[in-house]
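*Asks:* Mind looking over this structure? Questions follow.
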Amino acid sequence: VVGFALATVVDGQGFLREIDVAESHGRRGIGNQLVDAVIAWSRRLGHTSVGLTTFRDIPWNEQWYHRLGFRFVPDDERGPQLRAIVEREQLEGLTRRTVMRLALPGPRSEASR
């Protein structure tokens with residue numbers, strides 16, 4: 001095993017709880033493949049987005065997710081479960097975190113293919 005992604009459902013949407021790739025296997029696209037797998041899983045469940053929390057000041061975190069299409073989620077767009085996750089992280093000392101979400105486009109119709 002050189003990497004893993006842990007996903008769950010939060011506020012009725014996909015949520016990437018954790019992702020990790022062994023440093024020795026970094027920069028090979030494995031992280032992208034893991035995120036793609038979480039997106040595919042979330043779509044299969046009928047979700048319209050995938051959310052996550054991440055460190056905002058580590059280059060391979062927030063900026064990487066932003067390049068993948070994830071965007072910042074303001075406080076007023078966070079559901080109760082997501083707010084509880086953020087609160088718990090802050091109590092655990094994880095204060096430099098941000099919340100991001102990737103909107104999943106609906107399936108293309110046959111006419112648009």
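To be explicit about the labels: the chains of the structure tokens are called A, B, and onward in the order shown, and within each one the residues are counted from 1, while ligands get numbers from 1 in the order they are shown.
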Which residues are near A:Phe55? Cut-off 10 Å, only C-alpha atoms, ignore same chain within fewer than 2 positions. Put them as a PyMOL selection string.
*Replies:* chain A and resi 53+57-63+94-99
*Asks:* Write the selection just made, keeping N, CA and C atoms, as a PDB file, in the first residue's frame?
*Replies:*
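Final output, again-v9.pdb:
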```pdb
ATOM      1  N   THR A  53     -11.741  19.189   4.999  1.00  0.00           N
ATOM      2  CA  THR A  53     -11.023  20.220   5.739  1.00  0.00           C
ATOM      3  C   THR A  53      -9.543  19.941   5.516  1.00  0.00           C
ATOM      4  N   ASP A  57      -2.165  26.561   5.067  1.00  0.00           N
ATOM      5  CA  ASP A  57      -0.860  27.174   4.838  1.00  0.00           C
ATOM      6  C   ASP A  57       0.245  26.172   4.514  1.00  0.00           C
ATOM      7  N   ILE A  58      -0.121  24.974   4.096  1.00  0.00           N
ATOM      8  CA  ILE A  58       0.859  23.987   3.645  1.00  0.00           C
ATOM      9  C   ILE A  58       0.680  23.838   2.133  1.00  0.00           C
ATOM     10  N   PRO A  59       1.730  24.078   1.359  1.00  0.00           N
ATOM     11  CA  PRO A  59       1.602  24.161  -0.106  1.00  0.00           C
ATOM     12  C   PRO A  59       0.907  22.975  -0.774  1.00  0.00           C
ATOM     13  N   TRP A  60       1.121  21.784  -0.279  1.00  0.00           N
ATOM     14  CA  TRP A  60       0.521  20.647  -0.976  1.00  0.00           C
ATOM     15  C   TRP A  60      -0.896  20.362  -0.513  1.00  0.00           C
ATOM     16  N   ASN A  61      -1.477  21.214   0.294  1.00  0.00           N
ATOM     17  CA  ASN A  61      -2.843  20.991   0.752  1.00  0.00           C
ATOM     18  C   ASN A  61      -3.827  21.915   0.039  1.00  0.00           C
ATOM     19  N   GLU A  62      -4.094  23.058   0.625  1.00  0.00           N
ATOM     20  CA  GLU A  62      -5.143  23.930   0.077  1.00  0.00           C
ATOM     21  C   GLU A  62      -4.919  24.235  -1.401  1.00  0.00           C
ATOM     22  N   GLN A  63      -3.690  24.579  -1.778  1.00  0.00           N
ATOM     23  CA  GLN A  63      -3.443  24.943  -3.178  1.00  0.00           C
ATOM     24  C   GLN A  63      -3.668  23.750  -4.113  1.00  0.00           C
ATOM     25  N   LEU A  94      -6.099  22.033  15.900  1.00  0.00           N
ATOM     26  CA  LEU A  94      -5.954  22.216  14.454  1.00  0.00           C
ATOM     27  C   LEU A  94      -6.664  23.511  14.053  1.00  0.00           C
ATOM     28  N   THR A  95      -5.971  24.630  14.251  1.00  0.00           N
ATOM     29  CA  THR A  95      -6.605  25.938  14.084  1.00  0.00           C
ATOM     30  C   THR A  95      -6.355  26.566  12.719  1.00  0.00           C
ATOM     31  N   ARG A  96      -5.364  26.101  11.991  1.00  0.00           N
ATOM     32  CA  ARG A  96      -5.041  26.700  10.689  1.00  0.00           C
ATOM     33  C   ARG A  96      -5.664  25.877   9.568  1.00  0.00           C
ATOM     34  N   ARG A  97      -6.950  25.608   9.698  1.00  0.00           N
ATOM     35  CA  ARG A  97      -7.653  24.749   8.756  1.00  0.00           C
ATOM     36  C   ARG A  97      -8.613  25.576   7.913  1.00  0.00           C
ATOM     37  N   THR A  98      -8.945  25.030   6.778  1.00  0.00           N
ATOM     38  CA  THR A  98      -9.947  25.630   5.917  1.00  0.00           C
ATOM     39  C   THR A  98     -10.907  24.535   5.481  1.00  0.00           C
ATOM     40  N   VAL A  99     -12.098  24.925   5.078  1.00  0.00           N
ATOM     41  CA  VAL A  99     -13.112  23.996   4.598  1.00  0.00           C
ATOM     42  C   VAL A  99     -13.278  24.240   3.106  1.00  0.00           C
TER      43      VAL A  99
END
```
*Asks:* Extract, using only C-alpha atoms, all DNA, RNA and protein residues at most 6 Å from stretch 15-21 of chain A, discarding same-chain residues fewer than 6 positions from it, and format them as a count of residues only.
*Replies:* 11
*Asks:* Choose the residue, out of A:Glu87, A:Leu68, A:Leu82, A:Glu77, that has the smallest atom-to-atom separation from A:Gln33; count only C-alpha atoms.
*Replies:*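 The closest residue to A:Gln33 is A:Leu68.
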*Asks:* Atom CA of A:Glu23 and atom CA of A:Phe72, how far apart in Å?
*Replies:*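 Calculated distance between atom CA of A:Phe72 and atom CA of A:Glu23 is 26.5 Å.
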*Asks:* Using only C-alpha atoms, which of A:Ala22, A:Asp11, A:Val1, A:Arg28 sits nearest A:Pro80?
*Replies:*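 Counting only C-alpha atoms, the residue closest to A:Pro80 is A:Asp11.
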*Asks:* Please report, as a VMD selection string, each residue of chain A to which DSSP assigns helix (DSSP H, G or I) when run on this structure's backbone.
*Replies:* chain A and resid 23 to 25 30 to 44 62 to 67 75 to 77 80 to 91 110 to 112
*Asks:* List every residue of chain A that DSSP, applied to the backbone, labels as strand (DSSP E or B), and write the result as a PyMOL selection string.
*Replies:* chain A and resi 3-10+13-21+49-55+71-72+97-103
*Asks:* Report the distance between atom CA of A:Gly31 and atom CA of A:Leu91 in Å, rounded to one decimal place.
*Replies:* 27.9 Å
*Asks:* In Å to one decimal, how far is atom CA of A:Asn32 from atom CA of A:Pro105?
*Replies:* 18.1 Å
*Asks:* Looking at only C-alpha atoms, which of A:Arg56, A:Arg67, A:Arg101, A:His25 is the one that sits closest to A:Ile39?
*Replies:*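 Once distances to A:Ile39 are computed over only C-alpha atoms, the minimum belongs to A:Arg101.
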*Asks:* At a cut-off of 12 Å, using only C-alpha atoms, what residues contact A:Arg44? Leave out same-chain residues fewer than 5 positions from it and give the result as a tab-separated table (two decimals) with N, CA, C and O atoms, in the first residue's frame.
*Replies:*
```
chain	number	residue	atom	x	y	z
A	13	GLN	N	-23.53	14.64	2.02
A	13	GLN	CA	-22.62	14.79	0.87
A	13	GLN	C	-21.33	14.01	1.14
A	13	GLN	O	-21.01	13.72	2.29
A	14	GLY	N	-20.60	13.73	0.08
A	14	GLY	CA	-19.32	13.08	0.24
A	14	GLY	C	-18.37	13.96	1.03
A	14	GLY	O	-18.43	15.19	0.95
A	37	ALA	N	-11.20	8.67	-7.06
A	37	ALA	CA	-11.97	7.53	-6.54
A	37	ALA	C	-13.03	7.99	-5.55
A	37	ALA	O	-14.16	7.50	-5.55
A	38	VAL	N	-12.69	8.97	-4.70
A	38	VAL	CA	-13.66	9.50	-3.74
A	38	VAL	C	-14.78	10.23	-4.49
A	38	VAL	O	-15.95	10.11	-4.14
A	39	ILE	N	-14.42	10.97	-5.52
A	39	ILE	CA	-15.43	11.67	-6.33
A	39	ILE	C	-16.37	10.65	-6.98
A	39	ILE	O	-17.60	10.81	-6.95
A	49	SER	N	-21.71	16.99	-4.16
A	49	SER	CA	-20.43	17.61	-3.82
A	49	SER	C	-19.59	16.69	-2.96
A	49	SER	O	-20.08	15.70	-2.41
A	104	LEU	N	-20.07	18.69	-7.74
A	104	LEU	CA	-20.08	17.65	-8.75
A	104	LEU	C	-21.18	17.94	-9.75
A	104	LEU	O	-22.36	17.98	-9.38
A	106	GLY	N	-24.00	17.39	-12.46
A	106	GLY	CA	-24.93	16.29	-12.67
A	106	GLY	C	-24.54	15.50	-13.90
A	106	GLY	O	-23.72	15.92	-14.70
A	107	PRO	N	-25.12	14.31	-14.04
A	107	PRO	CA	-24.81	13.50	-15.22
A	107	PRO	C	-25.26	14.21	-16.49
A	107	PRO	O	-26.28	14.88	-16.52
```
